[in-house]
$ cat upload.tsv   # TSV, N, CA and C atoms
chain	number	residue	atom	x	y	z
A	144	MET	N	-45.48	0.19	-9.81
A	144	MET	CA	-44.55	0.43	-10.89
A	144	MET	C	-43.33	1.19	-10.39
A	145	ASP	N	-43.55	2.08	-9.45
A	145	ASP	CA	-42.46	2.87	-8.90
A	145	ASP	C	-41.47	1.97	-8.14
A	146	MET	N	-41.98	0.93	-7.48
A	146	MET	CA	-41.15	-0.01	-6.73
A	146	MET	C	-40.24	-0.79	-7.67
A	147	ASP	N	-40.74	-1.18	-8.83
A	147	ASP	CA	-39.92	-1.88	-9.82
A	147	ASP	C	-38.77	-1.01	-10.27
A	148	ASN	N	-39.02	0.26	-10.45
A	148	ASN	CA	-38.01	1.21	-10.88
A	148	ASN	C	-36.91	1.33	-9.81
A	149	VAL	N	-37.30	1.35	-8.55
A	149	VAL	CA	-36.34	1.43	-7.44
A	149	VAL	C	-35.45	0.19	-7.42
A	150	TRP	N	-36.07	-0.99	-7.58
A	150	TRP	CA	-35.30	-2.23	-7.57
A	150	TRP	C	-34.34	-2.29	-8.74
A	151	GLU	N	-34.77	-1.81	-9.89
A	151	GLU	CA	-33.89	-1.78	-11.07
A	151	GLU	C	-32.69	-0.87	-10.81
A	152	LYS	N	-32.93	0.27	-10.17
A	152	LYS	CA	-31.83	1.20	-9.84
A	152	LYS	C	-30.86	0.56	-8.84
A	153	ILE	N	-31.43	-0.15	-7.86
A	153	ILE	CA	-30.59	-0.82	-6.86
A	153	ILE	C	-29.75	-1.91	-7.52
A	154	LYS	N	-30.37	-2.72	-8.38
A	154	LYS	CA	-29.65	-3.78	-9.08
A	154	LYS	C	-28.55	-3.20	-9.96
A	155	LYS	N	-28.88	-2.13	-10.69
A	155	LYS	CA	-27.89	-1.48	-11.56
A	155	LYS	C	-26.74	-0.91	-10.73
A	156	GLY	N	-27.08	-0.32	-9.59
A	156	GLY	CA	-26.04	0.22	-8.70
A	156	GLY	C	-25.13	-0.86	-8.16
A	157	LEU	N	-25.72	-1.98	-7.77
A	157	LEU	CA	-24.93	-3.10	-7.26
A	157	LEU	C	-24.04	-3.69	-8.35
A	158	LYS	N	-24.60	-3.82	-9.55
A	158	LYS	CA	-23.81	-4.33	-10.68
A	158	LYS	C	-22.64	-3.41	-10.98
A	159	ASP	N	-22.94	-2.10	-11.06
A	159	ASP	CA	-21.88	-1.13	-11.34
A	159	ASP	C	-20.82	-1.15	-10.24
A	160	GLY	N	-21.28	-1.27	-9.00
A	160	GLY	CA	-20.35	-1.33	-7.87
A	160	GLY	C	-19.47	-2.57	-7.94
A	161	ALA	N	-20.08	-3.70	-8.31
A	161	ALA	CA	-19.32	-4.95	-8.42
A	161	ALA	C	-18.29	-4.86	-9.53
A	162	VAL	N	-18.70	-4.30	-10.67
A	162	VAL	CA	-17.77	-4.13	-11.79
A	162	VAL	C	-16.63	-3.22	-11.38
A	163	MET	N	-16.99	-2.12	-10.69
A	163	MET	CA	-15.96	-1.18	-10.24
A	163	MET	C	-15.02	-1.85	-9.24
A	164	SER	N	-15.58	-2.67	-8.33
A	164	SER	CA	-14.76	-3.38	-7.35
A	164	SER	C	-13.80	-4.34	-8.03
A	165	VAL	N	-14.28	-5.07	-8.99
A	165	VAL	CA	-13.43	-6.01	-9.72
A	165	VAL	C	-12.32	-5.26	-10.43
A	166	GLU	N	-12.67	-4.13	-11.04
A	166	GLU	CA	-11.65	-3.33	-11.73
A	166	GLU	C	-10.60	-2.81	-10.75
A	167	LYS	N	-11.06	-2.35	-9.58
A	167	LYS	CA	-10.12	-1.85	-8.56
A	167	LYS	C	-9.24	-2.98	-8.04
A	168	ILE	N	-9.84	-4.14	-7.82
A	168	ILE	CA	-9.06	-5.29	-7.34
A	168	ILE	C	-7.99	-5.65	-8.37
A	169	GLU	N	-8.36	-5.67	-9.64
A	169	GLU	CA	-7.39	-5.97	-10.69
A	169	GLU	C	-6.29	-4.91	-10.73
A	170	GLU	N	-6.69	-3.65	-10.59
A	170	GLU	CA	-5.71	-2.55	-10.59
A	170	GLU	C	-4.73	-2.71	-9.42
A	171	TYR	N	-5.28	-2.92	-8.22
A	171	TYR	CA	-4.42	-3.05	-7.04
A	171	TYR	C	-3.55	-4.30	-7.11
A	172	THR	N	-4.07	-5.36	-7.69
A	172	THR	CA	-3.28	-6.58	-7.85
A	172	THR	C	-2.09	-6.33	-8.77
A	173	LYS	N	-2.34	-5.67	-9.89
A	173	LYS	CA	-1.25	-5.36	-10.83
A	173	LYS	C	-0.22	-4.43	-10.18
A	174	ILE	N	-0.72	-3.41	-9.49
A	174	ILE	CA	0.19	-2.47	-8.82
A	174	ILE	C	0.98	-3.20	-7.74
A	175	GLY	N	0.32	-4.06	-6.97
A	175	GLY	CA	1.00	-4.81	-5.92
A	175	GLY	C	2.10	-5.69	-6.46
A	176	LYS	N	1.82	-6.38	-7.57
A	176	LYS	CA	2.83	-7.23	-8.19
A	176	LYS	C	4.01	-6.39	-8.66
A	177	LEU	N	3.72	-5.25	-9.27
A	177	LEU	CA	4.80	-4.38	-9.73
A	177	LEU	C	5.61	-3.82	-8.56
A	178	LYS	N	4.94	-3.53	-7.44
A	178	LYS	CA	5.66	-3.05	-6.25
A	178	LYS	C	6.60	-4.14	-5.72
A	179	VAL	N	6.14	-5.39	-5.74
A	179	VAL	CA	6.99	-6.51	-5.32
A	179	VAL	C	8.18	-6.63	-6.25
A	180	ASP	N	7.94	-6.53	-7.55
A	180	ASP	CA	9.04	-6.58	-8.53
A	180	ASP	C	10.02	-5.43	-8.30
A	181	GLU	N	9.48	-4.25	-8.01
A	181	GLU	CA	10.33	-3.08	-7.75
A	181	GLU	C	11.19	-3.30	-6.51
A	182	MET	N	10.58	-3.81	-5.43
A	182	MET	CA	11.32	-4.09	-4.19
A	182	MET	C	12.39	-5.15	-4.43
A	183	SER	N	12.07	-6.15	-5.23
A	183	SER	CA	13.03	-7.19	-5.54
A	183	SER	C	14.25	-6.61	-6.26
A	184	ALA	N	14.00	-5.74	-7.23
A	184	ALA	CA	15.11	-5.11	-7.95
A	184	ALA	C	15.93	-4.23	-7.00
A	185	LYS	N	15.27	-3.51	-6.11
A	185	LYS	CA	16.00	-2.66	-5.15
A	185	LYS	C	16.85	-3.51	-4.21
A	186	ARG	N	16.33	-4.64	-3.79
A	186	ARG	CA	17.11	-5.52	-2.91
A	186	ARG	C	18.32	-6.10	-3.63
A	187	LYS	N	18.15	-6.40	-4.91
A	187	LYS	CA	19.30	-6.89	-5.69
A	187	LYS	C	20.36	-5.81	-5.79
A	188	ILE	N	19.93	-4.57	-5.98
A	188	ILE	CA	20.89	-3.46	-6.01
A	188	ILE	C	21.60	-3.35	-4.66
A	189	GLU	N	20.84	-3.42	-3.56
A	189	GLU	CA	21.44	-3.34	-2.23
A	189	GLU	C	22.45	-4.46	-2.01
A	190	ARG	N	22.11	-5.67	-2.47
A	190	ARG	CA	23.03	-6.80	-2.32
A	190	ARG	C	24.32	-6.54	-3.10
A	191	ASN	N	24.18	-5.97	-4.30
A	191	ASN	CA	25.37	-5.67	-5.09
A	191	ASN	C	26.22	-4.59	-4.42
A	192	PHE	N	25.57	-3.56	-3.88
A	192	PHE	CA	26.32	-2.54	-3.15
A	192	PHE	C	27.01	-3.16	-1.93
A	193	LEU	N	26.32	-4.06	-1.27
A	193	LEU	CA	26.91	-4.74	-0.12
A	193	LEU	C	28.14	-5.54	-0.54
A	194	ASP	N	28.03	-6.26	-1.65
A	194	ASP	CA	29.17	-7.03	-2.16
A	194	ASP	C	30.34	-6.12	-2.50
A	195	ILE	N	30.04	-4.99	-3.15
A	195	ILE	CA	31.09	-4.02	-3.51
A	195	ILE	C	31.77	-3.51	-2.24
A	196	GLY	N	30.95	-3.11	-1.26
A	196	GLY	CA	31.51	-2.58	-0.01
A	196	GLY	C	32.33	-3.61	0.74
A	197	GLU	N	31.83	-4.83	0.80
A	197	GLU	CA	32.55	-5.90	1.50
A	197	GLU	C	33.89	-6.18	0.82
A	198	ARG	N	33.85	-6.23	-0.51
A	198	ARG	CA	35.09	-6.47	-1.26
A	198	ARG	C	36.07	-5.32	-1.05
A	199	PHE	N	35.58	-4.10	-1.08
A	199	PHE	CA	36.44	-2.94	-0.87
A	199	PHE	C	37.05	-2.99	0.53
A	200	TYR	N	36.25	-3.34	1.51
A	200	TYR	CA	36.75	-3.45	2.88
A	200	TYR	C	37.86	-4.50	2.96
A	201	ASP	N	37.64	-5.65	2.34
A	201	ASP	CA	38.66	-6.70	2.34
A	201	ASP	C	39.95	-6.20	1.69
A	202	LEU	N	39.82	-5.50	0.56
A	202	LEU	CA	41.01	-4.97	-0.12
A	202	LEU	C	41.71	-3.93	0.75
A	203	ALA	N	40.92	-3.10	1.44
A	203	ALA	CA	41.51	-2.07	2.30
A	203	ALA	C	42.22	-2.71	3.48
A	204	GLN	N	41.69	-3.81	3.99
A	204	GLN	CA	42.33	-4.51	5.10
A	204	GLN	C	43.65	-5.12	4.65
A	205	ASP	N	43.69	-5.62	3.42
A	205	ASP	CA	44.91	-6.23	2.89
A	205	ASP	C	45.97	-5.19	2.55
A	206	ALA	N	45.54	-3.99	2.23
A	206	ALA	CA	46.49	-2.95	1.82
A	206	ALA	C	47.25	-2.42	3.03
A	207	ARG	N	48.42	-1.88	2.75
A	207	ARG	CA	49.18	-1.26	3.84
A	207	ARG	C	48.47	-0.01	4.29
A	208	GLU	N	48.73	0.40	5.51
A	208	GLU	CA	48.07	1.57	6.08
A	208	GLU	C	48.34	2.81	5.23
A	209	SER	N	49.53	2.93	4.67
A	209	SER	CA	49.87	4.11	3.88
A	209	SER	C	49.12	4.13	2.55
A	210	SER	N	48.71	2.98	2.07
A	210	SER	CA	48.00	2.96	0.80
A	210	SER	C	46.49	2.82	0.98
A	211	ALA	N	46.06	2.96	2.24
A	211	ALA	CA	44.63	2.90	2.51
A	211	ALA	C	43.95	4.10	1.87
A	212	PRO	N	42.70	3.97	1.54
A	212	PRO	CA	42.00	5.07	0.87
A	212	PRO	C	42.00	6.34	1.70
A	213	SER	N	42.09	7.46	1.03
A	213	SER	CA	42.14	8.73	1.73
A	213	SER	C	40.77	9.38	1.85
A	214	ASP	N	39.76	8.77	1.27
A	214	ASP	CA	38.41	9.30	1.36
A	214	ASP	C	37.94	9.20	2.81
A	215	LEU	N	37.53	10.31	3.37
A	215	LEU	CA	37.15	10.37	4.78
A	215	LEU	C	35.94	9.48	5.09
A	216	VAL	N	34.96	9.43	4.21
A	216	VAL	CA	33.77	8.61	4.43
A	216	VAL	C	34.14	7.14	4.48
A	217	ILE	N	35.00	6.72	3.55
A	217	ILE	CA	35.42	5.32	3.50
A	217	ILE	C	36.26	4.98	4.72
A	218	THR	N	37.17	5.86	5.07
A	218	THR	CA	38.02	5.63	6.24
A	218	THR	C	37.17	5.51	7.50
A	219	LYS	N	36.20	6.39	7.66
A	219	LYS	CA	35.33	6.36	8.84
A	219	LYS	C	34.49	5.08	8.85
A	220	ALA	N	34.00	4.67	7.68
A	220	ALA	CA	33.20	3.44	7.60
A	220	ALA	C	34.04	2.23	7.99
A	221	ILE	N	35.29	2.20	7.55
A	221	ILE	CA	36.18	1.09	7.90
A	221	ILE	C	36.42	1.07	9.40
A	222	GLU	N	36.63	2.25	10.01
A	222	GLU	CA	36.80	2.33	11.46
A	222	GLU	C	35.55	1.82	12.17
A	223	ASN	N	34.38	2.20	11.65
A	223	ASN	CA	33.12	1.75	12.26
A	223	ASN	C	33.00	0.23	12.19
A	224	VAL	N	33.37	-0.35	11.06
A	224	VAL	CA	33.30	-1.81	10.92
A	224	VAL	C	34.25	-2.48	11.90
A	225	ARG	N	35.45	-1.95	12.04
A	225	ARG	CA	36.40	-2.52	13.02
A	225	ARG	C	35.83	-2.45	14.43
A	226	THR	N	35.23	-1.32	14.78
A	226	THR	CA	34.63	-1.15	16.10
A	226	THR	C	33.49	-2.14	16.29
A	227	LEU	N	32.68	-2.33	15.27
A	227	LEU	CA	31.56	-3.26	15.36
A	227	LEU	C	32.03	-4.70	15.48
A	228	TYR	N	33.11	-5.06	14.77
A	228	TYR	CA	33.68	-6.40	14.92
A	228	TYR	C	34.14	-6.62	16.37
A	229	ALA	N	34.77	-5.61	16.96
A	229	ALA	CA	35.20	-5.70	18.36
A	229	ALA	C	33.99	-5.85	19.28
A	230	GLU	N	32.94	-5.10	19.00
A	230	GLU	CA	31.72	-5.18	19.79
A	230	GLU	C	31.10	-6.57	19.69
A	231	ILE	N	31.10	-7.13	18.51
A	231	ILE	CA	30.57	-8.49	18.31
A	231	ILE	C	31.39	-9.50	19.09
A	232	ALA	N	32.71	-9.33	19.09
A	232	ALA	CA	33.57	-10.24	19.85
A	232	ALA	C	33.27	-10.15	21.34
A	233	GLU	N	33.05	-8.94	21.86
A	233	GLU	CA	32.71	-8.76	23.27
A	233	GLU	C	31.37	-9.42	23.59
A	234	ILE	N	30.41	-9.22	22.73
A	234	ILE	CA	29.08	-9.82	22.93
A	234	ILE	C	29.18	-11.34	22.92
A	235	SER	N	29.95	-11.88	21.98
A	235	SER	CA	30.13	-13.34	21.90
A	235	SER	C	30.77	-13.87	23.17
A	236	GLU	N	31.74	-13.14	23.70
A	236	GLU	CA	32.39	-13.57	24.93
A	236	GLU	C	31.40	-13.54	26.10
A	237	LYS	N	30.57	-12.52	26.17
A	237	LYS	CA	29.56	-12.45	27.23
A	237	LYS	C	28.58	-13.62	27.12
A	238	ILE	N	28.21	-13.97	25.90
A	238	ILE	CA	27.31	-15.11	25.69
A	238	ILE	C	27.97	-16.39	26.19
A	239	ARG	N	29.26	-16.57	25.84
A	239	ARG	CA	29.98	-17.76	26.31
A	239	ARG	C	30.06	-17.79	27.84
A	240	GLU	N	30.28	-16.63	28.48
A	240	GLU	CA	30.34	-16.57	29.94
A	240	GLU	C	29.01	-16.99	30.55
A	241	ILE	N	27.92	-16.49	29.98
A	241	ILE	CA	26.59	-16.85	30.49
A	241	ILE	C	26.34	-18.34	30.32
A	242	GLN	N	26.75	-18.89	29.17
A	242	GLN	CA	26.56	-20.32	28.93
A	242	GLN	C	27.40	-21.14	29.90
A	243	ARG	N	28.66	-20.70	30.14
A	243	ARG	CA	29.52	-21.43	31.09
A	243	ARG	C	28.92	-21.38	32.49
A	244	ALA	N	28.42	-20.18	32.88
A	244	ALA	CA	27.83	-20.03	34.21
A	244	ALA	C	26.58	-20.91	34.34
A	245	ALA	N	25.80	-20.95	33.30
A	245	ALA	CA	24.58	-21.78	33.33
A	245	ALA	C	24.93	-23.25	33.43
A	246	ARG	N	25.96	-23.67	32.68
A	246	ARG	CA	26.39	-25.08	32.75
A	246	ARG	C	26.94	-25.39	34.13
A	247	SER	N	27.72	-24.46	34.67
A	247	SER	CA	28.31	-24.66	35.99
A	247	SER	C	27.21	-24.72	37.05
A	248	LYS	N	26.26	-23.81	36.96
A	248	LYS	CA	25.15	-23.80	37.90
A	248	LYS	C	24.32	-25.07	37.75
A	249	GLY	N	24.13	-25.48	36.51
A	249	GLY	CA	23.39	-26.72	36.25
A	249	GLY	C	24.11	-27.92	36.84
A	250	ALA	N	25.44	-27.93	36.73
A	250	ALA	CA	26.22	-29.04	37.29
A	250	ALA	C	26.14	-29.01	38.80
A	251	ASP	N	26.22	-27.81	39.41
A	251	ASP	CA	26.09	-27.69	40.86
A	251	ASP	C	24.70	-28.12	41.31
A	252	SER	N	23.70	-27.73	40.55
A	252	SER	CA	22.31	-28.09	40.89
A	252	SER	C	22.12	-29.60	40.76
A	253	ASP	N	22.70	-30.18	39.71
A	253	ASP	CA	22.60	-31.63	39.52
A	253	ASP	C	23.28	-32.37	40.68
A	254	ALA	N	24.45	-31.85	41.11
A	254	ALA	CA	25.16	-32.47	42.22
A	254	ALA	C	24.34	-32.35	43.49
A	255	ALA	N	23.74	-31.19	43.74
A	255	ALA	CA	22.91	-31.00	44.93
A	255	ALA	C	21.70	-31.92	44.87
A	256	ASP	N	21.10	-32.05	43.69
A	256	ASP	CA	19.96	-32.96	43.54
A	256	ASP	C	20.39	-34.40	43.83
A	257	ALA	N	21.57	-34.77	43.36
A	257	ALA	CA	22.06	-36.13	43.57
A	257	ALA	C	22.31	-36.36	45.07
A	258	ASP	N	22.86	-35.34	45.76
A	258	ASP	CA	23.09	-35.46	47.19
A	258	ASP	C	21.78	-35.60	47.95
A	259	SER	N	20.81	-34.79	47.60
A	259	SER	CA	19.53	-34.86	48.32
A	259	SER	C	18.82	-36.16	48.01
A	260	TYR	N	19.00	-36.70	46.83
A	260	TYR	CA	18.39	-37.97	46.46
A	260	TYR	C	19.03	-39.08	47.29
A	261	SER	N	20.35	-39.03	47.40
A	261	SER	CA	21.01	-40.11	48.15
A	261	SER	C	20.70	-40.00	49.64
A	262	ASP	N	20.50	-38.76	50.15
A	262	ASP	CA	20.13	-38.60	51.56
A	262	ASP	C	18.73	-39.15	51.82
A	263	ASN	N	17.83	-38.97	50.89
A	263	ASN	CA	16.45	-39.42	51.07
A	263	ASN	C	16.27	-40.90	50.76
A	264	SER	N	17.21	-41.47	50.06
A	264	SER	CA	17.03	-42.87	49.68
A	264	SER	C	17.24	-43.83	50.85
A	265	GLY	N	17.95	-43.39	51.88
A	265	GLY	CA	18.19	-44.25	53.03
A	265	GLY	C	17.09	-44.18	54.07
A	266	VAL	N	16.05	-43.39	53.86
A	266	VAL	CA	15.00	-43.23	54.85
A	266	VAL	C	14.11	-44.38	54.94
$ encode --input "upload.tsv" --output "structure tokens"
Amino acid sequence: MDMDNVWEKIKKGLKDGAVMSVEKIEEYTKIGKLKVDEMSAKRKIERNFLDIGERFYDLAQDARESSAPSDLVITKAIENVRTLYAEIAEISEKIREIQRAARSKGADSDAADADSYSDNSGV
């Protein structure tokens, strides 16, 4: 009789654990979905801030230097963007140089291969 009581306690414990697990899974699922929704809203805000900043930068570029914004943070950010554009141009040029060198080396290698092929073909 004592063994039946133990099995009943084990079954009840497993049932309670399963119910608790299902409840926790549902809780975490709901929280996870809300976290995704929250991140989505934050990204939309970031995109809007990005659009505002990009538009402001474009307007500042179009404006004369004397009418450029006097806010130090904005001025420094604009300088940083100009510096980064220059850095991107330098990087792009380095990429083009590497590609030209690779093509040139490939052409030289192809020519050498063609020469060695023609030398071996008469054997």
$ atom_distance --input "upload.tsv" --atom1 "atom C of Gln204 in chain A" --atom2 "atom C of Tyr228 in chain A"
15.2 Å
$ atom_distance --input "upload.tsv" --atom1 "atom C of Glu222 in chain A" --atom2 "atom N of Ile234 in chain A"
16.1 Å
$ atom_distance --input "upload.tsv" --atom1 "CA of Gly156 in chain A" --atom2 "CA of Ile168 in chain A"
17.9 Å
$ residues_around --input "upload.tsv" --residues "Tyr200 in chain A" --least-positions-apart "5" --cutoff "7 Å" --atoms "all atoms listed in the file" --output "PDB file with N, CA and C atoms, in the coordinates of the input"
ATOM      1  N   ILE A 195      30.040  -4.990  -3.150  1.00  0.00           N
ATOM      2  CA  ILE A 195      31.090  -4.020  -3.510  1.00  0.00           C
ATOM      3  C   ILE A 195      31.770  -3.510  -2.240  1.00  0.00           C
ATOM      4  N   ASP A 205      43.690  -5.620   3.420  1.00  0.00           N
ATOM      5  CA  ASP A 205      44.910  -6.230   2.890  1.00  0.00           C
ATOM      6  C   ASP A 205      45.970  -5.190   2.550  1.00  0.00           C
ATOM      7  N   ILE A 221      35.290   2.200   7.550  1.00  0.00           N
ATOM      8  CA  ILE A 221      36.180   1.090   7.900  1.00  0.00           C
ATOM      9  C   ILE A 221      36.420   1.070   9.400  1.00  0.00           C
TER      10      ILE A 221
END
$ axis_aligned_box --input "upload.tsv" --around "range 196-206 of chain A" --padding-each-side "5 Å" --output "AutoDock Vina command-line options"
--center_x 39.1 --center_y -4.4 --center_z 1.9 --size_x 26.3 --size_y 14.6 --size_z 16.4
